[in-house]
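J.: Hey, dropping coords01.txt in here, compact mmCIF, C-alpha atoms:
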```txt
# COMPACT_ATOMS: atom_id res chain seq x y z
CA MET S 669 119.04 120.04 82.06
CA SER S 670 118.08 118.76 78.65
CA LEU S 671 114.67 117.31 77.91
CA ARG S 672 116.22 113.94 77.09
CA ILE S 673 117.99 113.71 80.48
CA THR S 674 114.74 114.66 82.24
CA LYS S 675 112.82 111.94 80.41
CA VAL S 676 115.54 109.37 81.12
CA ASN S 677 115.53 110.33 84.81
CA ASP S 678 111.75 109.91 85.00
CA LEU S 679 111.91 106.54 83.26
CA LEU S 680 114.77 105.34 85.45
CA ARG S 681 112.95 106.41 88.62
CA ASP S 682 109.91 104.34 87.61
CA LEU S 683 111.98 101.29 86.60
CA ILE S 684 114.22 101.34 89.68
CA SER S 685 111.17 101.71 91.93
CA GLU S 686 109.58 98.73 90.22
CA ALA S 687 112.82 96.76 90.60
CA LEU S 688 112.98 97.52 94.32
CA VAL S 689 109.52 96.01 94.71
CA SER S 690 109.90 92.97 92.47
CA GLU S 691 113.62 92.09 92.55
CA VAL S 692 114.79 93.03 96.06
CA SER S 693 113.36 91.41 99.15
CA PHE S 694 113.79 93.53 102.26
CA LYS S 695 112.76 92.19 105.62
CA GLN S 696 109.22 92.94 106.72
CA GLY S 697 108.58 96.53 107.79
CA VAL S 698 111.54 98.01 105.88
CA PHE S 699 110.83 100.37 103.01
CA ALA S 700 113.15 101.98 100.46
CA THR S 701 111.87 104.75 98.23
CA VAL S 702 113.64 106.28 95.22
CA THR S 703 113.74 110.02 95.84
CA LYS S 704 116.09 111.40 93.18
CA ILE S 705 117.81 110.36 89.97
CA ARG S 706 120.89 112.07 88.52
CA THR S 707 122.02 110.87 85.11
CA SER S 708 125.31 112.00 83.62
CA LYS S 709 125.21 114.04 80.41
CA ASP S 710 126.69 111.16 78.41
CA LEU S 711 124.06 108.74 79.87
CA ARG S 712 126.76 106.33 81.05
CA GLN S 713 126.03 106.64 84.78
CA ALA S 714 122.90 107.17 86.82
CA PHE S 715 122.89 107.83 90.54
CA PHE S 716 119.72 107.17 92.46
CA SER S 717 118.99 108.34 95.99
CA VAL S 718 117.06 106.08 98.32
CA SER S 719 115.09 107.16 101.36
CA ILE S 720 114.88 104.44 104.02
CA PHE S 721 112.23 103.81 106.64
CA PRO S 722 112.83 103.11 109.47
CA GLU S 723 116.13 104.97 109.60
CA SER S 724 117.55 102.42 112.03
CA GLU S 725 117.66 99.92 109.12
CA THR S 726 119.86 102.12 106.92
CA HIS S 727 122.90 99.84 107.16
CA TYR S 728 120.81 96.76 106.36
CA VAL S 729 119.26 98.39 103.28
CA GLU S 730 122.66 99.64 102.06
CA GLU S 731 124.16 96.16 102.31
CA THR S 732 121.14 94.60 100.61
CA LEU S 733 121.27 97.12 97.76
CA LYS S 734 125.00 96.52 97.29
CA LYS S 735 124.35 92.79 96.94
CA GLU S 736 121.32 93.24 94.66
CA LEU S 737 122.55 96.14 92.51
CA SER S 738 123.47 93.89 89.60
CA GLN S 739 119.99 92.33 89.70
CA ILE S 740 118.38 95.80 89.74
CA GLU S 741 120.59 96.86 86.84
CA LYS S 742 119.68 93.73 84.86
CA PHE S 743 115.96 94.42 85.45
CA VAL S 744 116.27 98.07 84.36
CA HIS S 745 118.48 97.34 81.34
CA GLY S 746 116.04 94.68 80.15
CA ARG S 747 113.33 97.34 79.88
CA LEU S 748 115.33 100.23 78.45
CA TYR S 749 115.56 100.77 74.71
CA MET S 750 118.43 103.22 74.52
CA LYS S 751 122.15 103.36 74.07
CA PRO S 752 124.28 103.57 76.11
CA LEU S 753 122.71 101.77 79.06
CA PRO S 754 123.65 103.64 82.25
CA ARG S 755 125.55 101.97 85.07
CA LEU S 756 123.55 102.37 88.27
CA LYS S 757 124.93 103.61 91.58
CA PHE S 758 122.97 104.41 94.70
CA GLU S 759 123.30 106.71 97.68
CA VAL S 760 121.23 107.09 100.83
CA ASP S 761 119.09 110.21 100.91
CA SER S 762 119.34 111.74 104.38
CA THR S 763 117.12 114.74 103.65
CA ALA S 764 114.31 113.54 105.91
CA LEU S 765 116.73 112.87 108.75
CA ASN S 766 118.30 116.31 108.38
CA ALA S 767 114.87 117.96 108.22
CA ASP S 768 113.86 116.16 111.41
CA ALA S 769 116.98 117.43 113.20
CA VAL S 770 116.33 121.00 112.08
CA GLU S 771 112.70 120.72 113.17
CA LYS S 772 113.77 119.56 116.65
CA ILE S 773 116.18 122.48 116.96
CA LEU S 774 113.50 124.95 115.90
CA PHE S 775 111.02 123.43 118.33
CA SER S 776 113.52 123.72 121.19
CA LEU S 777 114.04 127.42 120.43
CA SER S 778 110.38 128.31 120.80
```
Have the structure of the file written as C-alpha cells, please.
T.:
Amino acid sequence: MSLRITKVNDLLRDLISEALVSEVSFKQGVFATVTKIRTSKDLRQAFFSVSIFPESETHYVEETLKKELSQIEKFVHGRLYMKPLPRLKFEVDSTALNADAVEKILFSLS
C-alpha cells in the first residue's frame, strides 16, 4: 500500500470517527467504532468498517448510518483538502462477534 493511501486512511478514520460523534445521534448506550478503512487506489471510494456495541443493536445502527451517510460524507468532505473526494461506504465489522464464537468453541473443548 502506498504511503499516500495510508495517510488518507488514517485521516479518514479520524474524520469519520469525529463525524460519528458529532453528526450522528445514536440512542443512549449504543456505540459505533470505526475499525478499518479501505480506500481505493484512485481515491474515489473509501469503505469503513464499524464495530457495534451492543451487538443486538446492529440493525438499528446500520439503518441509522444509511440515513446519515450523506451527512457524514458532507462533514468529512468539508475537512478534506484533496482531489478527488472519496465516496464513503460502510460495512459492519463482525470480527469481535466471530472471535467470541471461536473463544466459546475453544472453551467448550477444554
J.: Might you pull out every residue within 12 Å of Met669 of chain S, with only C-alpha atoms counted and same-chain residues fewer than 3 positions away left off, and present them as an MDAnalysis selection string?
T.: chainID S and resid 672:677 706:709
J.: Using only C-alpha atoms, which of the listed residues (S:Glu686, S:Glu759, S:Asp678, S:Asp768) sits closest to Val729 of chain S?
T.: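 Going through S:Glu686, S:Glu759, S:Asp678, S:Asp768 one by one, the smallest distance to Val729 of chain S is for S:Glu759.
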J.: Taking into account only C-alpha atoms, which residue in the set S:Leu679, S:Ile684, S:Ser690, S:Ala769 is nearest to Lys757 of chain S?
T.: S:Ile684
J.: Separation of atom CA of Leu671 of chain S and atom CA of Lys751 of chain S, in Å?
T.: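 If I compute the distance from atom CA of Leu671 of chain S to atom CA of Lys751 of chain S, I get 16.3 Å.
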J.: Let me know the centre plus edge lengths, in Å and rounded to one decimal, of a box with edges along x, y and z that contains all listed atoms of segment 707-720 of chain S and is padded by 3 Å on every side, as lines of an AutoDock Vina configuration file.
T.:
```
center_x = 120.8
center_y = 109.2
center_z = 91.2
size_x = 17.9
size_y = 15.6
size_z = 31.6
```
J.: Between S:Val760, S:Met750, S:Ala767, S:Leu680, which has the minimum distance to Leu733 of chain S (counting only C-alpha atoms)?
T.: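 Residue with the minimum atom-to-atom distance to Leu733 of chain S: S:Val760.
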